[in-house]
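Visitor: Handing over run_16.cif, mmCIF, C-alpha atoms.
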```cif
data_start
loop_
_atom_site.label_atom_id
_atom_site.label_comp_id
_atom_site.auth_asym_id
_atom_site.auth_seq_id
_atom_site.Cartn_x
_atom_site.Cartn_y
_atom_site.Cartn_z
CA PRO O 1 -22.60 -11.77 -15.33
CA LYS O 2 -25.33 -9.91 -13.52
CA ILE O 3 -25.74 -10.95 -9.90
CA SER O 4 -29.19 -10.70 -8.35
CA SER O 5 -30.64 -11.57 -4.97
CA SER O 6 -32.90 -14.21 -6.53
CA ASP O 7 -29.80 -16.34 -7.03
CA SER O 8 -28.17 -15.70 -3.69
CA ASN O 9 -30.25 -16.70 -0.68
CA ASP O 10 -30.48 -13.08 0.43
CA ASP O 11 -31.28 -12.88 4.13
CA GLY O 12 -33.42 -9.81 3.52
CA ASP O 13 -31.74 -7.48 6.00
CA GLY O 14 -30.54 -5.07 3.28
CA GLY O 15 -26.91 -5.60 4.27
CA GLY O 16 -25.80 -7.28 1.06
CA LEU O 17 -25.94 -10.76 -0.37
CA SER O 18 -25.87 -13.41 2.31
CA ASN O 19 -22.27 -14.55 2.97
CA ALA O 20 -21.07 -12.85 -0.22
CA VAL O 21 -17.92 -10.79 -0.78
CA ASN O 22 -16.82 -9.12 -4.01
CA ALA O 23 -13.32 -10.66 -4.30
CA THR O 24 -12.39 -9.47 -7.80
CA HIS O 25 -8.69 -9.67 -8.67
CA TRP O 26 -6.80 -6.60 -9.88
CA TYR O 27 -3.30 -6.06 -11.26
CA ASP O 28 -1.40 -3.28 -12.99
CA GLY O 29 -1.52 -5.27 -16.23
CA VAL O 30 1.31 -3.57 -18.13
CA THR O 31 3.70 -4.02 -15.20
CA LEU O 32 2.63 -7.63 -14.67
CA PHE O 33 2.83 -8.84 -18.27
CA THR O 34 5.90 -6.88 -19.38
CA ARG O 35 7.69 -7.60 -16.10
CA SER O 36 8.90 -4.01 -15.97
CA TRP O 37 7.92 -0.76 -14.28
CA LYS O 38 6.93 2.00 -16.69
CA SER O 39 5.90 5.10 -14.81
CA TYR O 40 5.12 6.94 -18.06
CA PHE O 41 3.02 4.40 -20.01
CA SER O 42 0.03 2.12 -19.41
CA TYR O 43 -3.10 0.83 -21.08
CA ASP O 44 -6.76 1.13 -20.14
CA THR O 45 -8.53 -2.13 -20.98
CA ARG O 46 -11.94 -0.52 -20.48
CA SER O 47 -11.54 1.98 -23.31
CA ASP O 48 -8.78 0.22 -25.30
CA THR O 49 -6.63 3.34 -25.11
CA THR O 50 -3.03 4.00 -24.17
CA VAL O 51 -2.34 6.22 -21.17
CA PHE O 52 0.72 8.46 -20.86
CA GLY O 53 2.12 10.24 -17.81
CA TYR O 54 2.18 8.99 -14.23
CA LYS O 55 -0.61 11.23 -12.96
CA ASN O 56 -2.92 9.90 -15.67
CA ILE O 57 -1.88 6.31 -14.96
CA PHE O 58 -2.55 6.72 -11.23
CA LYS O 59 -5.94 8.25 -11.94
CA MET O 60 -6.83 5.45 -14.37
CA HIS O 61 -5.85 2.64 -12.02
CA CYS O 62 -7.73 4.27 -9.13
CA SER O 63 -10.76 4.49 -11.41
CA GLN O 64 -10.49 0.79 -12.29
CA LEU O 65 -10.49 -0.14 -8.61
CA SER O 66 -13.38 2.23 -7.96
CA ASP O 67 -15.39 0.40 -10.63
CA ILE O 68 -14.67 -2.91 -8.89
CA LYS O 69 -15.83 -1.44 -5.58
CA LYS O 70 -19.02 -0.19 -7.23
CA LEU O 71 -19.71 -3.74 -8.44
CA GLY O 72 -20.14 -4.88 -4.85
CA ILE O 73 -22.28 -1.87 -3.97
CA GLU O 74 -24.51 -1.63 -7.02
CA ARG O 75 -24.72 -5.20 -8.35
CA MET O 76 -24.22 -7.27 -5.20
CA GLU O 77 -26.60 -5.36 -2.93
CA ASN O 78 -23.91 -3.45 -1.02
CA SER O 79 -21.67 -6.45 -0.39
CA PRO O 80 -18.16 -5.63 0.86
CA THR O 81 -15.17 -5.69 -1.51
CA LEU O 82 -11.92 -7.49 -0.80
CA ILE O 83 -9.49 -7.41 -3.74
CA GLY O 84 -8.87 -11.14 -3.85
CA GLU O 85 -5.49 -10.93 -5.54
CA CYS O 86 -3.00 -8.16 -6.37
CA GLY O 87 0.75 -7.76 -6.52
CA ILE O 88 3.73 -7.33 -8.85
CA ALA O 89 6.20 -9.47 -10.76
CA TYR O 90 9.58 -9.28 -9.05
CA ASP O 91 11.56 -10.72 -11.95
CA MET O 92 11.56 -7.40 -13.78
CA ARG O 93 13.43 -7.33 -17.08
CA HIS O 94 14.96 -4.29 -18.73
CA LEU O 95 16.70 -3.29 -21.95
CA ASP O 96 19.77 -5.31 -21.05
CA GLY O 97 17.58 -8.46 -21.02
CA LEU O 98 18.51 -9.29 -17.43
CA ARG O 99 16.37 -9.65 -14.35
CA HIS O 100 16.97 -6.90 -11.80
CA TYR O 101 16.70 -7.91 -8.17
CA GLY O 102 17.74 -6.03 -5.09
CA THR O 103 20.84 -7.17 -3.28
CA CYS O 104 20.78 -8.56 0.23
CA GLY O 105 19.41 -5.95 2.61
CA ASN O 106 18.51 -3.33 0.02
CA SER O 107 14.79 -3.53 0.72
CA LEU O 108 15.47 -3.02 4.45
CA ASP O 109 18.18 -0.36 4.39
CA GLN O 110 16.45 2.96 4.99
CA LYS O 111 19.46 5.06 4.05
CA ASN O 112 20.19 3.15 0.86
CA ASP O 113 18.50 4.55 -2.23
CA SER O 114 17.61 0.92 -3.13
CA SER O 115 18.56 1.56 -6.74
CA SER O 116 18.72 -2.11 -7.71
CA PHE O 117 15.30 -2.71 -6.14
CA GLY O 118 13.93 0.64 -7.34
CA PRO O 119 11.50 -0.68 -10.00
CA GLN O 120 9.94 -3.20 -7.61
CA LEU O 121 9.63 -0.61 -4.83
CA ALA O 122 7.98 1.86 -7.21
CA ALA O 123 5.62 -0.70 -8.74
CA MET O 124 4.47 -2.13 -5.39
CA ASP O 125 4.09 1.32 -3.87
CA HIS O 126 1.97 2.35 -6.85
CA THR O 127 -0.34 -0.66 -6.48
CA LEU O 128 -0.87 -0.04 -2.77
CA ARG O 129 -1.40 3.70 -3.22
CA CYS O 130 -4.19 2.95 -5.69
CA LEU O 131 -5.79 0.56 -3.18
CA GLU O 132 -5.42 3.11 -0.37
CA GLU O 133 -7.03 5.80 -2.49
CA ASN O 134 -10.17 3.61 -2.65
CA LEU O 135 -9.99 2.45 1.01
CA LEU O 136 -9.95 -1.15 -0.21
CA SER O 137 -9.00 -4.29 1.67
CA PHE O 138 -6.87 -6.70 -0.33
CA THR O 139 -4.95 -9.98 -0.44
CA LEU O 140 -1.36 -9.51 -1.59
CA TRP O 141 -0.23 -12.27 -3.96
CA ASN O 142 1.90 -14.00 -2.86
CA TYR O 143 4.14 -15.61 -0.23
CA THR O 144 6.12 -18.62 -1.47
CA SER O 145 8.39 -20.04 1.22
CA ASP O 146 10.72 -21.82 -1.25
CA ASN O 147 10.93 -19.06 -3.85
CA THR O 148 14.36 -18.45 -5.36
CA ASN O 149 15.58 -15.79 -7.78
CA GLU O 150 16.44 -18.53 -10.26
CA GLU O 151 13.21 -20.56 -10.12
CA GLY O 152 10.64 -18.00 -8.94
CA ASP O 153 7.44 -19.30 -7.37
CA LEU O 154 7.91 -22.78 -8.86
CA TRP O 155 4.53 -22.47 -10.55
CA ASN O 156 3.54 -21.34 -14.03
CA GLY O 157 6.82 -19.48 -14.56
CA GLU O 158 5.70 -16.76 -12.13
CA ASP O 159 7.81 -14.82 -9.65
CA LEU O 160 5.44 -12.69 -7.54
CA SER O 161 6.48 -13.80 -4.06
CA ILE O 162 7.21 -11.05 -1.54
CA TYR O 163 9.76 -13.45 -0.02
CA SER O 164 12.73 -15.20 -1.59
CA GLU O 165 15.62 -17.26 -0.31
CA GLY O 166 17.78 -15.15 -2.63
CA GLN O 167 17.13 -12.02 -0.56
CA LYS O 168 17.99 -13.52 2.83
CA CYS O 169 20.83 -11.79 4.66
CA GLY O 170 21.06 -14.13 7.64
CA LEU O 171 19.76 -11.51 10.07
CA LYS O 172 19.30 -12.74 13.64
CA GLU O 173 17.34 -11.44 16.59
CA GLU O 174 20.51 -10.78 18.53
CA ASP O 175 21.68 -8.43 15.77
CA GLY O 176 19.32 -5.82 17.20
CA GLY O 177 17.00 -3.39 15.45
CA GLY O 178 14.19 -5.89 15.08
CA LEU O 179 14.65 -6.20 11.30
CA PHE O 180 15.34 -9.94 11.40
CA ILE O 181 11.62 -10.67 10.93
CA TYR O 182 11.84 -9.07 7.46
CA ASP O 183 14.85 -11.12 6.34
CA GLY O 184 14.21 -12.43 2.83
CA LEU O 185 11.46 -9.97 1.93
CA ARG O 186 11.66 -8.13 -1.39
CA ALA O 187 11.01 -4.39 -1.57
CA ALA O 188 9.56 -4.69 1.92
CA ARG O 189 9.34 -0.94 2.53
CA ALA O 190 6.68 -0.67 -0.16
CA PHE O 191 4.21 -3.05 1.49
CA VAL O 192 5.12 -2.92 5.20
CA ARG O 193 3.14 0.28 5.66
CA PRO O 194 1.29 2.20 8.37
CA TYR O 195 -2.51 1.98 8.29
CA ALA O 196 -5.57 2.53 10.46
CA ARG O 197 -6.39 -0.92 11.80
CA CYS O 198 -9.35 0.15 13.99
CA VAL O 199 -11.50 3.22 13.35
CA ALA O 200 -13.92 4.75 15.86
CA GLY O 201 -16.16 6.13 13.11
CA LYS O 202 -15.95 6.06 9.32
CA ALA O 203 -12.61 6.16 7.50
CA LEU O 204 -12.33 8.80 4.76
CA VAL O 205 -8.59 8.88 4.00
CA ASN O 206 -5.85 6.33 4.70
CA THR O 207 -2.74 7.11 2.65
CA PHE O 208 1.02 6.70 2.94
CA ASP O 209 3.63 8.62 0.94
CA MET O 210 6.63 6.29 1.02
CA ARG O 211 9.10 8.78 -0.43
CA LYS O 212 8.20 11.67 1.85
CA GLY O 213 7.53 9.47 4.87
CA VAL O 214 4.07 10.89 5.57
CA PHE O 215 1.01 8.94 6.73
CA LEU O 216 -2.40 10.62 6.79
CA PHE O 217 -5.64 9.33 8.27
CA GLU O 218 -8.92 11.21 8.14
CA GLY O 219 -12.32 10.04 9.32
CA ARG O 220 -15.71 11.14 10.58
CA SER O 221 -17.36 10.20 13.83
CA SER O 222 -21.11 9.67 14.10
CA GLY O 223 -21.22 11.71 17.29
CA GLY O 224 -22.04 8.82 19.60
CA GLU O 225 -20.84 8.71 23.20
CA VAL O 226 -19.18 5.32 22.66
CA GLU O 227 -16.92 6.69 19.91
CA ARG O 228 -15.52 9.34 22.26
CA GLY O 229 -14.32 6.64 24.64
CA VAL O 230 -12.93 4.20 22.06
CA PRO O 231 -9.65 4.98 20.26
CA THR O 232 -8.83 4.82 16.59
CA GLU O 233 -5.65 2.72 16.26
CA ILE O 234 -2.86 3.30 13.74
CA PHE O 235 -0.35 0.52 13.05
CA VAL O 236 3.20 1.88 12.55
CA PRO O 237 5.87 -0.70 11.60
CA LYS O 238 9.37 -0.33 12.99
CA LEU O 239 10.63 -0.96 9.48
CA TRP O 240 9.47 2.63 8.87
CA CYS O 241 9.90 4.23 12.30
CA LEU O 242 12.40 2.30 14.38
CA LYS O 243 12.01 4.52 17.44
CA GLU O 244 9.13 6.56 18.80
CA SER O 245 11.31 9.63 18.39
CA ASP O 246 11.29 9.00 14.62
CA MET O 247 7.60 9.99 14.55
CA THR O 248 6.14 13.47 14.55
CA ILE O 249 2.41 13.12 15.29
CA LYS O 250 -0.29 15.74 15.01
CA VAL O 251 -4.02 15.30 15.51
CA SER O 252 -7.22 17.29 15.20
CA PRO O 253 -9.75 18.59 16.17
CA GLU O 254 -8.54 20.66 19.10
CA GLY O 255 -8.81 18.69 22.30
CA SER O 256 -8.04 15.34 20.65
CA ARG O 257 -5.35 13.26 22.29
CA PHE O 258 -3.10 10.34 21.38
CA GLU O 259 -0.86 7.78 23.01
CA VAL O 260 1.88 5.57 21.54
CA GLU O 261 2.19 1.93 22.59
CA GLU O 262 5.38 0.09 21.67
CA PHE O 263 5.62 -3.60 20.77
CA ASP O 264 8.54 -5.71 19.61
CA HIS O 265 8.21 -4.88 15.90
CA TRP O 266 5.65 -2.08 15.66
CA PHE O 267 3.94 0.82 17.40
CA ILE O 268 0.24 1.44 17.86
CA VAL O 269 -0.80 5.09 17.85
CA LYS O 270 -4.11 5.42 19.71
CA TYR O 271 -6.22 8.50 19.02
CA TRP O 272 -9.26 9.78 20.94
CA LEU O 273 -11.75 12.47 20.06
CA PRO O 274 -12.28 15.28 22.57
CA SER O 275 -14.28 14.04 25.56
CA ASN O 276 -16.37 17.23 25.64
CA SER O 277 -17.80 16.98 22.12
CA GLY O 278 -21.58 17.18 22.00
CA ASP O 279 -23.83 14.14 21.70
CA GLY O 280 -24.93 13.54 18.13
CA GLU O 281 -22.34 15.98 16.79
CA GLN O 282 -20.32 14.53 13.92
CA GLN O 283 -16.66 15.45 14.01
CA HIS O 284 -13.86 15.29 11.46
CA MET O 285 -10.90 13.24 12.71
CA MET O 286 -7.31 13.58 11.53
CA VAL O 287 -4.07 11.84 12.47
CA GLY O 288 -0.88 12.79 10.65
CA ILE O 289 2.44 11.04 11.19
CA ARG O 290 5.73 12.16 9.67
CA GLY O 291 8.62 9.71 9.74
CA PRO O 292 11.76 8.96 7.72
CA GLY O 293 11.39 9.27 3.96
CA MET O 294 13.17 7.28 1.28
CA LYS O 295 15.61 8.53 -1.29
CA THR O 296 14.24 8.47 -4.81
CA PRO O 297 15.58 5.38 -6.62
CA SER O 298 18.47 6.35 -8.88
CA GLN O 299 18.06 6.02 -12.61
CA SER O 300 17.34 2.40 -13.47
CA PRO O 301 17.85 0.71 -16.85
CA GLN O 302 14.11 1.04 -17.46
CA SER O 303 14.17 4.82 -17.24
CA ARG O 304 16.62 4.98 -20.13
CA ILE O 305 13.95 3.76 -22.55
CA LEU O 306 12.99 7.41 -23.03
CA PRO O 307 15.38 10.23 -23.87
CA ARG O 308 16.61 12.12 -20.82
CA SER O 309 14.41 15.11 -21.74
CA LEU O 310 11.28 12.91 -21.69
CA SER O 311 12.00 10.51 -18.83
CA LEU O 312 9.78 10.68 -15.76
CA PRO O 313 10.65 9.94 -12.12
CA ALA O 314 9.99 6.41 -10.92
CA VAL O 315 7.38 7.60 -8.41
CA THR O 316 5.50 10.89 -8.55
CA THR O 317 3.08 11.42 -5.69
CA PRO O 318 0.41 14.10 -5.48
CA SER O 319 1.18 16.92 -3.09
CA ILE O 320 -0.27 16.20 0.36
CA PRO O 321 -0.18 19.20 2.71
CA PHE O 322 1.14 17.65 5.93
CA PHE O 323 -1.47 17.82 8.68
CA ALA O 324 -3.58 20.34 6.75
CA LYS O 325 -7.34 20.13 7.11
CA ARG O 326 -9.23 19.32 3.95
#
```
Once you've parsed the file, please lay out its structure as structure tokens.
Guide:
Amino acid sequence: PKISSSDSNDDGDGGGLSNAVNATHWYDGVTLFTRSWKSYFSYDTRSDTTVFGYKNIFKMHCSQLSDIKKLGIERMENSPTLIGECGIAYDMRHLDGLRHYGTCGNSLDQKNDSSSFGPQLAAMDHTLRCLEENLLSFTLWNYTSDNTNEEGDLWNGEDLSIYSEGQKCGLKEEDGGGLFIYDGLRAARAFVRPYARCVAGKALVNTFDMRKGVFLFEGRSSGGEVERGVPTEIFVPKLWCLKESDMTIKVSPEGSRFEVEEFDHWFIVKYWLPSNSGDGEQQHMMVGIRGPGMKTPSQSPQSRILPRSLSLPAVTTPSIPFFAKR
């Protein structure tokens, strides 16, 4: 339905509807309802057309989320958008009729190709890449503390929880490595991601390539003196980069600087613009971080739906020149 300020107690400051947020839900519908990851096939509900090929699917899903974002801007008087619900079904079924879950530790083991959790990793990574492409905030559905592989979320036959008792490995703090906080998570490497948590300016790009292990942030400063003294902060989980030496960091423009602060389970990369930039001069900001990549999931039962000559990789990401200016 059309939303207008006459229905909304608009406070008249032009900043959007009073106390209103566009909290539309969004899911990759084919993945959710078929409980399987198909990198080569999807369906656009807006045009009632099938979509083939991963690049086209990625473009279509990004466009759907862009339309949701425009709803808040154009029909809710520039109200902010928070995707109120998104996620994947973890009980993915394949041609053999069985559910395919990862084994204990697979979603945490960086060196493992996570083949048995491959579909879930690919599907969750796809959802979050589409959200990142639109710079959208979101609520990931869901966390169910008593989820099991056998019974799911114990509601409505669903199994979307990022945590399950069936994935617990019994990790303890004294085991070292700091991974015990992720014990029980499913396909954790897809959603425990680096991101810009504080931006001294306007964010333009915030993307993470899980396979290549490359995070890229770009932004624009307004040229104010305050921005030159306040850092942009990048959250880097130790699930991705366990040690500071795992990160290769580059920044621009020339004269920018960064520092790395270490905490128990994550790093914060702080980035400052050059202190000698002119007042009122807008500047393009860039922070690039290269860390460990992931092996491509080996061929899953789902990929055998198509003949070998037609099958597509589980995840195909657009080429991102590392640290290149746009």
Visitor: For a cut-off of 12 Å around (1.0, -2.3, 5.5), file coordinates, pick out all residues using only C-alpha atoms and list them as a count of residues only.
Guide: 33
Visitor: For Ile73 (chain O), which residue out of O:Asn22, O:Thr31, O:Asn56, O:Ser47 is the nearest one, using only C-alpha atoms?
Guide: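 With only C-alpha atoms as the atom set, the closest residue is O:Asn22.
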Visitor: Which one is closest to Asp209 (chain O): O:Met76, O:Leu32, O:Ala122, O:Ile268? Count only C-alpha atoms.
Guide: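 Result for the nearest residue to Asp209 (chain O): O:Ala122.
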Visitor: Quote the spacing between CA of Gly170 (chain O) and CA of Glu150 (chain O) in Å to one decimal place.
Guide: 19.0 Å
Visitor: Between CA of Met92 (chain O) and CA of Ser36 (chain O), measure the distance and give it in Å to one decimal.
Guide: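 According to the coordinates, CA of Met92 (chain O) and CA of Ser36 (chain O) are separated by 4.8 Å.
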Visitor: For Asp91 (chain O), which residue out of O:Trp37, O:Tyr43, O:Phe52, O:Phe267 is the nearest one, using all atoms listed in the file?
Guide: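 The closest residue to Asp91 (chain O) is O:Trp37.
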Visitor: When you count only C-alpha atoms, which of these residues is closest to Glu254 (chain O): O:Pro274, O:Pro119, O:Gly53, O:Gly229?
Guide: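 Between O:Pro274, O:Pro119, O:Gly53, O:Gly229, the residue approaching Glu254 (chain O) most closely is O:Pro274.
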Visitor: Which residue out of O:Leu242, O:Ser164, O:Leu17, O:Gly157 has the minimum interatomic distance to Glu77 (chain O) when all atoms listed in the file are used?
Guide: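 Distance minimum relative to Glu77 (chain O) lands on O:Leu17.
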Visitor: Between CA of Val260 (chain O) and CA of Glu173 (chain O), what is the distance in Å, rounded to a tenth?
Guide: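 Distance between the two atoms: 23.5 Å.
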Visitor: Rank nothing, just name the residue among O:Leu179, O:Cys130, O:Ala203, O:Met247 nearest to Lys55 (chain O), using all atoms listed in the file.
Guide: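 When distances to Lys55 (chain O) are compared using all atoms listed in the file, the smallest one comes from O:Cys130.
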Visitor: Applied to the shown file, which residues does the PyMOL selection byres ((chain O and resi 19-21) around 6) return, written as number ranges by chain?
Guide: O: 17-18, 22-23, 79-81
Visitor: Applying 9 Å and only C-alpha atoms, which residues near Trp141 (chain O) remain after dropping the ones on its own chain fewer than 2 positions away? List them as a ChimeraX atom specification.
Guide: /O:84-88,139,143,160-162
Visitor: Determine, counting only C-alpha atoms, which protein, DNA and RNA residues have an atom within 9 Å of an atom of Arg220 (chain O); residues of the same chain fewer than 5 positions away are not included. Present the result as a list in words.
Guide: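 In the requested format, the answer is Ala200, Gly201, Lys202, Ala203, Leu204, Gln282, Gln283, His284, Met285 and Met286 of chain O.
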